[in-house]
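Next comes model_36.csv, a file with CSV, C-alpha atoms.
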chain,number,residue,atom,x,y,z
L,1267,GLU,CA,-4.3,-4.7,12.4
L,1268,ALA,CA,-0.9,-3.2,12.3
L,1269,ASP,CA,0.2,-1.3,15.5
L,1270,ILE,CA,2.7,1.2,14.3
L,1271,TYR,CA,2.4,4.8,15.0
L,1272,GLN,CA,4.0,8.0,13.7
L,1273,THR,CA,3.8,11.5,15.2
L,1274,PRO,CA,3.3,14.1,14.1
L,1275,ARG,CA,1.2,13.4,11.1
L,1276,TYR,CA,1.9,16.8,9.6
L,1277,LEU,CA,4.7,19.3,10.4
L,1278,VAL,CA,5.4,22.7,8.9
L,1279,ILE,CA,8.6,24.3,10.2
L,1280,GLY,CA,11.2,27.0,9.2
L,1281,THR,CA,14.6,26.4,7.8
L,1282,GLY,CA,17.3,25.6,10.3
L,1283,LYS,CA,15.1,24.0,12.9
L,1284,LYS,CA,15.9,20.7,14.5
L,1285,ILE,CA,13.1,18.2,14.3
L,1286,THR,CA,12.5,14.6,15.4
L,1287,LEU,CA,9.9,12.4,13.8
L,1288,GLU,CA,8.6,9.7,16.1
L,1289,CYS,CA,7.9,6.1,15.2
L,1290,SER,CA,6.7,3.4,17.6
L,1291,GLN,CA,5.5,-0.2,17.2
L,1292,THR,CA,3.8,-2.5,19.7
L,1293,MET,CA,4.3,-5.8,17.7
L,1294,GLY,CA,7.7,-6.6,19.2
L,1295,HIS,CA,9.4,-6.5,15.8
L,1296,ASP,CA,13.2,-6.5,15.7
L,1297,LYS,CA,13.6,-4.8,12.3
L,1298,MET,CA,12.5,-1.2,11.6
L,1299,TYR,CA,12.8,1.1,8.6
L,1300,TRP,CA,12.4,4.7,7.5
L,1301,TYR,CA,11.4,5.5,3.9
L,1302,GLN,CA,11.2,8.9,2.2
L,1303,GLN,CA,8.4,9.2,-0.4
L,1304,ASP,CA,8.8,11.8,-3.1
L,1305,PRO,CA,5.9,13.6,-4.7
L,1306,GLY,CA,6.0,11.2,-7.6
L,1307,MET,CA,5.2,8.5,-5.0
L,1308,GLU,CA,8.5,6.6,-5.3
L,1309,LEU,CA,9.8,5.1,-2.1
L,1310,HIS,CA,13.4,5.4,-1.0
L,1311,LEU,CA,14.8,3.5,2.0
L,1312,ILE,CA,16.9,5.9,4.0
L,1313,HIS,CA,17.6,4.0,7.3
L,1314,TYR,CA,16.9,0.6,8.9
L,1315,SER,CA,17.7,-1.2,12.1
L,1316,TYR,CA,18.0,-4.9,13.0
L,1317,GLY,CA,17.4,-4.3,16.6
L,1318,VAL,CA,18.5,-2.3,19.7
L,1319,ASN,CA,21.7,-0.4,19.1
L,1320,SER,CA,21.7,-1.3,15.4
L,1321,THR,CA,21.3,1.4,12.7
L,1322,GLU,CA,22.2,1.1,9.0
L,1323,LYS,CA,22.0,3.5,6.1
L,1324,GLY,CA,19.6,2.7,3.3
L,1325,ASP,CA,19.8,3.1,-0.5
L,1326,LEU,CA,19.2,6.8,-0.6
L,1327,SER,CA,21.7,9.1,1.2
L,1328,SER,CA,20.0,11.2,3.8
L,1329,GLU,CA,21.2,14.0,6.1
L,1330,SER,CA,18.9,12.6,8.8
L,1331,THR,CA,20.0,10.3,11.7
L,1332,VAL,CA,18.3,7.6,13.6
L,1333,SER,CA,18.6,5.8,16.9
L,1334,ARG,CA,17.3,2.6,18.3
L,1335,ILE,CA,17.6,2.5,22.1
L,1336,ARG,CA,14.4,0.6,22.7
L,1337,THR,CA,13.0,-2.2,20.5
L,1338,GLU,CA,9.7,-0.4,20.0
L,1339,HIS,CA,11.0,3.1,19.2
L,1340,PHE,CA,12.9,4.3,16.1
L,1341,PRO,CA,13.0,8.1,15.9
L,1342,LEU,CA,14.4,10.1,13.0
L,1343,THR,CA,16.2,13.4,13.5
L,1344,LEU,CA,17.1,16.3,11.3
L,1345,GLU,CA,19.6,18.6,13.0
L,1346,SER,CA,18.9,21.5,10.6
L,1347,ALA,CA,15.9,21.2,8.3
L,1348,ARG,CA,16.0,22.6,4.8
L,1349,PRO,CA,13.4,23.0,2.1
L,1350,SER,CA,15.0,20.0,0.3
L,1351,HIS,CA,13.9,17.8,3.2
L,1352,THR,CA,10.2,18.5,2.4
L,1353,SER,CA,8.7,15.1,1.8
L,1354,GLN,CA,6.5,12.3,3.2
L,1355,TYR,CA,8.4,10.0,5.7
L,1356,LEU,CA,7.1,6.5,6.3
L,1357,CYS,CA,8.2,4.2,9.1
L,1358,ALA,CA,7.8,0.4,8.9
L,1359,SER,CA,8.6,-2.7,10.9
L,1360,SER,CA,8.9,-6.4,10.4
L,1361,GLU,CA,10.0,-9.6,12.0
L,1362,TRP,CA,13.5,-10.6,11.3
L,1363,GLY,CA,14.9,-13.9,10.2
L,1364,ARG,CA,12.3,-15.0,7.6
L,1365,THR,CA,12.6,-14.1,3.9
L,1366,SER,CA,8.9,-13.7,3.4
L,1367,GLN,CA,8.2,-11.3,6.2
L,1368,THR,CA,5.6,-8.6,5.8
L,1369,GLN,CA,6.5,-5.0,6.5
L,1370,TYR,CA,3.9,-3.0,8.4
L,1371,PHE,CA,3.8,0.7,7.7
L,1372,GLY,CA,2.8,3.6,9.9
L,1373,PRO,CA,0.5,6.4,8.5
L,1374,GLY,CA,3.4,8.7,7.6
L,1375,THR,CA,4.6,12.2,8.6
L,1376,ARG,CA,4.2,14.9,5.9
L,1377,LEU,CA,7.1,17.4,6.5
L,1378,THR,CA,7.1,20.8,4.9
L,1379,VAL,CA,10.2,23.0,5.5
L,1380,LEU,CA,9.7,26.7,4.6
S,1122,GLY,CA,21.3,-6.2,-8.6
S,1123,ASN,CA,17.6,-6.9,-7.9
S,1124,SER,CA,15.0,-4.5,-9.3
S,1125,VAL,CA,11.3,-4.2,-9.9
S,1126,THR,CA,9.6,-2.5,-12.9
S,1127,GLN,CA,5.9,-1.8,-12.9
S,1128,MET,CA,3.7,0.0,-15.4
S,1129,GLU,CA,3.6,3.7,-15.2
S,1130,GLY,CA,0.3,5.4,-14.4
S,1131,PRO,CA,-1.9,7.0,-13.8
S,1132,VAL,CA,-4.5,4.4,-14.8
S,1133,THR,CA,-8.1,5.6,-15.0
S,1134,LEU,CA,-10.9,3.0,-15.2
S,1135,SER,CA,-14.7,3.0,-14.9
S,1136,GLU,CA,-16.3,1.1,-12.1
S,1137,GLU,CA,-16.6,-2.6,-12.8
S,1138,ALA,CA,-13.8,-2.6,-15.4
S,1139,PHE,CA,-11.0,-5.2,-15.5
S,1140,LEU,CA,-7.7,-4.2,-14.0
S,1141,THR,CA,-4.2,-5.3,-14.8
S,1142,ILE,CA,-1.1,-3.7,-13.5
S,1143,ASN,CA,2.1,-5.2,-14.9
S,1144,CYS,CA,5.1,-5.9,-12.8
S,1145,THR,CA,8.3,-7.6,-13.8
S,1146,TYR,CA,11.4,-8.2,-11.7
S,1147,THR,CA,15.1,-9.0,-11.9
S,1148,ALA,CA,16.5,-11.0,-9.1
S,1149,THR,CA,19.1,-13.5,-8.0
S,1150,GLY,CA,17.3,-16.7,-6.9
S,1151,TYR,CA,13.6,-16.8,-6.1
S,1152,PRO,CA,12.7,-13.9,-3.8
S,1153,SER,CA,9.2,-13.5,-2.3
S,1154,LEU,CA,7.0,-11.0,-4.2
S,1155,PHE,CA,4.5,-8.5,-2.8
S,1156,TRP,CA,1.8,-6.0,-3.8
S,1157,TYR,CA,1.3,-3.2,-1.4
S,1158,VAL,CA,-1.5,-0.6,-1.6
S,1159,GLN,CA,-1.4,3.0,-0.4
S,1160,TYR,CA,-4.8,4.7,0.0
S,1161,PRO,CA,-4.9,8.5,0.0
S,1162,GLY,CA,-3.4,10.0,3.2
S,1163,GLU,CA,-2.3,6.7,4.6
S,1164,GLY,CA,0.8,4.5,4.8
S,1165,LEU,CA,1.3,1.3,2.8
S,1166,GLN,CA,-0.5,-1.9,3.6
S,1167,LEU,CA,0.1,-5.4,2.3
S,1168,LEU,CA,-2.4,-6.4,-0.4
S,1169,LEU,CA,-1.1,-9.9,-1.2
S,1170,LYS,CA,2.1,-11.9,-1.5
S,1171,ALA,CA,3.6,-15.0,-3.0
S,1172,THR,CA,6.7,-16.8,-1.7
S,1173,LYS,CA,7.5,-19.3,-4.5
S,1174,ALA,CA,7.1,-19.9,-8.2
S,1175,ASP,CA,3.5,-20.6,-9.4
S,1176,ASP,CA,2.1,-19.4,-6.0
S,1177,LYS,CA,-1.0,-17.2,-6.4
S,1178,GLY,CA,-1.6,-14.5,-3.9
S,1179,SER,CA,-5.2,-13.2,-3.5
S,1180,ASN,CA,-7.0,-10.7,-1.3
S,1181,LYS,CA,-10.1,-8.4,-1.7
S,1182,GLY,CA,-10.7,-9.7,-5.2
S,1183,PHE,CA,-7.1,-8.9,-6.3
S,1184,GLU,CA,-4.9,-11.7,-7.6
S,1185,ALA,CA,-1.3,-12.1,-8.7
S,1186,THR,CA,0.6,-15.2,-9.8
S,1187,TYR,CA,4.4,-15.6,-9.3
S,1188,ARG,CA,5.6,-16.5,-12.8
S,1189,LYS,CA,9.3,-17.6,-12.8
S,1190,GLU,CA,9.5,-18.2,-16.5
S,1191,THR,CA,8.5,-14.6,-17.3
S,1192,THR,CA,9.8,-13.1,-14.1
S,1193,SER,CA,6.4,-11.4,-13.6
S,1194,PHE,CA,3.9,-10.8,-10.8
S,1195,HIS,CA,1.0,-8.9,-12.5
S,1196,LEU,CA,-1.9,-7.6,-10.4
S,1197,GLU,CA,-5.4,-8.3,-11.6
S,1198,LYS,CA,-8.9,-7.6,-10.5
S,1199,GLY,CA,-12.0,-8.6,-12.4
S,1200,SER,CA,-14.3,-5.7,-11.4
S,1201,VAL,CA,-12.8,-2.6,-9.8
S,1202,GLN,CA,-14.7,-0.3,-7.4
S,1203,VAL,CA,-14.3,3.4,-6.7
S,1204,SER,CA,-12.9,2.4,-3.3
S,1205,ASP,CA,-10.0,0.7,-5.1
S,1206,SER,CA,-8.6,4.1,-6.1
S,1207,ALA,CA,-5.1,4.1,-4.6
S,1208,VAL,CA,-1.4,3.8,-5.4
S,1209,TYR,CA,-0.2,0.2,-5.9
S,1210,PHE,CA,3.4,-0.9,-5.4
S,1211,CYS,CA,5.0,-4.1,-6.6
S,1212,ALA,CA,8.0,-5.2,-4.4
S,1213,LEU,CA,10.4,-8.1,-3.9
S,1214,ILE,CA,12.4,-8.9,-0.9
S,1215,GLN,CA,16.2,-8.7,-1.1
S,1216,ASN,CA,17.5,-12.2,-0.6
S,1217,TYR,CA,21.2,-11.8,-0.5
S,1218,GLY,CA,24.0,-9.5,0.6
S,1219,GLY,CA,24.2,-6.9,3.4
S,1220,SER,CA,20.7,-5.6,2.8
S,1221,GLN,CA,19.1,-9.0,2.9
S,1222,GLY,CA,15.5,-8.8,4.0
S,1223,ASN,CA,14.9,-5.3,2.7
S,1224,LEU,CA,12.2,-4.7,0.2
S,1225,ILE,CA,12.8,-3.3,-3.3
S,1226,PHE,CA,9.8,-1.4,-4.6
S,1227,GLY,CA,8.6,-0.5,-8.0
S,1228,LYS,CA,7.8,3.2,-8.6
S,1229,GLY,CA,4.1,2.8,-7.9
S,1230,THR,CA,1.0,2.9,-10.2
S,1231,LYS,CA,-1.8,5.3,-9.3
S,1232,LEU,CA,-5.3,3.9,-10.0
S,1233,SER,CA,-8.3,6.1,-10.3
S,1234,VAL,CA,-11.7,4.5,-10.6
S,1235,LYS,CA,-14.6,6.6,-11.8
S,1236,PRO,CA,-18.3,5.9,-10.9
The structure in this file should be written as structure tokens.
Amino acid sequence: EADIYQTPRYLVIGTGKKITLECSQTMGHDKMYWYQQDPGMELHLIHYSYGVNSTEKGDLSSESTVSRIRTEHFPLTLESARPSHTSQYLCASSEWGRTSQTQYFGPGTRLTVL
Amino acid sequence: GNSVTQMEGPVTLSEEAFLTINCTYTATGYPSLFWYVQYPGEGLQLLLKATKADDKGSNKGFEATYRKETTSFHLEKGSVQVSDSAVYFCALIQNYGGSQGNLIFGKGTKLSVKP
């Protein structure tokens, strides 16, 4: 059973608001990820982290930012939300150092920006 | 660079039908290969994986064999159930460069099983 949590599950906000999507894991994993999933289901890696104080940009350019101050916590922030940010956001984590490591996913946050 | 191509959906089957979802990959070396499943309203979960050529991953009646000669990892199930309705993602793990260890996903295949 994967222990990775995301809050909120659903969020509807107005344009220009600042939002933070929370992601926490209790498995002690070093590596964490954020994916954006478009309505066509395709997954795009937008951020990842190798551990505390490490953040890297993923394959898809994103206006969001992330931080990693604690191993278990990897929040994603949008300073000024726009309708183009409407999407499903998935957080994941894995062990680091093995090339066959499984990624464990949270349930996702569905964001709608009006 | 590395990439994954899987058959486009949606795929609609009757209960107890045979399922095949094709997946082929392009990669440097021999990366580990994965199938993930996403049930409605949920995140992804690992369905099965294979770490080297000729390995067969299996779980919940699903199987996939790592075929190096055809660079394929097709997902099969002999008799699908309504509860198998979900989106299935084929993936490989990036095994070189700055993003080593990251997954590369196919675009996903939506499966609907009718009773």
Kindly compute an axis-aligned box around the listed atoms of stretch 1169-1184 of chain S, allowing 6 Å on each side, and express its centre and edge lengths in Å to one decimal as JSON.
{"center_x": -1.6, "center_y": -14.5, "center_z": -5.3, "size_x": 30.2, "size_y": 24.2, "size_z": 20.2}
Residues of chain S within 12 Å of chain L, only C-alpha atoms counted, as a PyMOL selection string: chain S and resi 1126-1127+1129-1131+1151-1173+1207-1217+1219-1231
Skip L:Arg1336 itself and residues of its chain fewer than 5 positions away, then list as number ranges by chain all residues within 10 Å of it, counting all atoms listed in the file. L: 1290, 1317-1319
Have a look at atom CA of L:Gln1272 and atom CA of L:Cys1289 and let me know their distance in Å, one decimal. 4.6 Å
So what do you get for atom CA of S:Ser1124 versus atom CA of S:Ala1148, distance-wise? 6.7 Å
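Reported to one decimal place, the separation of atom CA of S:Ile1142 from atom CA of S:Ala1174 is 18.9 Å.
For S:Lys1198, the residues within 8 Å (counting only C-alpha atoms, excluding itself and residues fewer than 2 positions away along the chain) are Phe1139, Leu1140, Thr1141, Gly1182, Phe1183, Glu1184, Leu1196, Ser1200 and Val1201 of chain S.
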Please determine, counting only C-alpha atoms, which residue among S:Met1128, S:Val1234, S:Gly1150, S:Ala1138 has the shortest atom-to-atom distance to S:Thr1192. S:Gly1150
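Taking all atoms listed in the file, the non-local environment of L:Ile1279 within 9 Å (same-chain residues fewer than 2 positions away omitted) comprises Leu1277, Thr1281, Gly1282, Lys1283, Ile1285, Ala1347, Leu1377, Thr1378, Val1379 and Leu1380 of chain L.
Minimum atom-to-atom distances from L:Met1298, L:Leu1342, L:His1313, L:Val1332 to L:Thr1273 were compared using all atoms listed in the file, and the lowest value belongs to L:Leu1342.
With distances taken over all atoms listed in the file, S:Ser1204 is the one residue among S:Leu1134, S:Asn1123, S:His1195, S:Ser1204 lying closest to S:Lys1181.
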